[in-house]
Amino acid sequence: MKIWAYLVDEHALGDVFAGIPTWGLLLAIALTVLMLTKGADWMIDGAVDLALRTKLPKIVIGATILSLGTTAPEAFVSVMAAFMGNPGLALGNGVGSIIADTGLIFGMTALVAAPPMNKWILNRTGWWQIGSAVLLVALAGGALLLNPEDPVISRPMGLLLIALLMTYMVMTYRWARSGKDSSVLVGTEMEVSEHKHELSMTMTLVTLLGGLALVITASRLLIPAASETAGRLGVPDDVIAATMVALGTSLPELTTAIAAIRKGHPEITVGNIVGADVLNSLFVIGAASLAVPLSVPPTFFRFHFPAMLLILVSFRVFIGMGKDGRFRRWQGVWLLALYGVYIALQYILN
């Protein structure tokens with residue numbers, strides 16, 4: 001049971017790092033950052049090789065395989081936390097990750113790389129991105145109407161979310177396979193011929209999964225180590241909660257985005273962000289509510305849900321504006337600004 005506590009209980013990990021000297025904490029932070037970087041590199045290499053082997057678009061690999069992997073930590077922690085008597089963590093984890101993924105991580109990607117947009121795919125998966133979030137808010141609103149004193153996302157609602165998740169995965173694969181536009185597919189003959197498969201298919205999957213394991217492990221260790229270090233340096237707890245902990249839930253997506261930009265595949269980040277948003281709504285919250293019905297605090301209706309919808313609507317508008325098939329750097333500035341205001345207001349209101 002102790003192992004499960006380390007996986008889902010921040011206090012258990014915090015107690016471990018509290019007994020480590022400051023120089024040891026700094027060394028742990030350096031090692032976890034190195035693990036994050038190496039793990040993200042492996043994930044991107046494996047994803048690109050898999051896309052070329054299967055002739056699926058990189059954006060689809062990002063929206064399915066990578067996003068499943070990078071949201072697995074949130075789903076696992078949320079479900080276990082619900083079982084261990086902290087169901088409120090799951091909803092905050094899912095909604096907060098959507099805000100960080102789209103506002104911070106995609107905003108940074110658009111600002112740095114102005115990534116291409118595959119409108120044939122995004123006009124389909126993008127509607128799932130905002131539609132799943134709107135459905136989540138509608139379910140919570142319906143729960144509020146039925147029980148104003150204690151609205152909960154019930155198990156039947158969770159079952160609906162999981163069923164929609166399965167539909168999304170199947171439809172995304174079919175859309176990718178049925179695309180008529182040659183620009184939809186990255187696995188063209190020229191690209192495949194120029195790409196040397198130095199690894200077997202088995203080793204490609206090992207590289208992808210091994211990188212994912214490194215990213216998950218490092219993400220789980222970095223935040224309590226950094227929080228303990230910041231506390232010793234006199235940084236207030238509420239600042240730590242509004243910055244380090246909020247960012248920590250999205251570290252896998254962030255490190256994947258940085259590696260994808262550095263290796264020249266920003267479209268993987270676009271797919272990963274869209275897929276991660278859908279999975280946070282349908283997979284993370286759906287699975288947790290199947291475990292234990294999730295209470296919806298009033299602050300979600302007043303603050304978190306509106307922030308999430310504003311950021312996702314902005315992203316949807318940007319897709320419609322992309323006449324030349326690219327996102328713009330000013331759009332990244334806008335999303336980063338919204339995320340910054342969200343963090344600032346969270347700090348002020350708390």
# chains A, B, ... in the order shown; residues from 1 in each chain; ligands from 1
$ residues_around --residues "Trp42 of chain A" --least-positions-apart "6" --cutoff "7 Å" --atoms "only C-alpha atoms" --output "ChimeraX atom specification"
/A:207-208,211
$ closest_atom_pairs --of "segment 324-347 of chain A" --to "segment 259-278 of chain A" --cutoff "12 Å" --atoms "only C-alpha atoms" --output "JSON lines"
{"residue": "A:Gly325", "atom": "CA", "partner": "A:Glu267", "partner_atom": "CA", "distance": 11.5}
{"residue": "A:Arg326", "atom": "CA", "partner": "A:Glu267", "partner_atom": "CA", "distance": 10.2}
{"residue": "A:Phe327", "atom": "CA", "partner": "A:Val270", "partner_atom": "CA", "distance": 10.1}
$ atom_distance --atom1 "atom CA of Gln331 of chain A" --atom2 "atom CA of Ala110 of chain A"
6.8 Å
$ residues_around --residues "segment 155-157 of chain A" --least-positions-apart "3" --cutoff "6 Å" --atoms "only C-alpha atoms" --output "count of residues only"
4
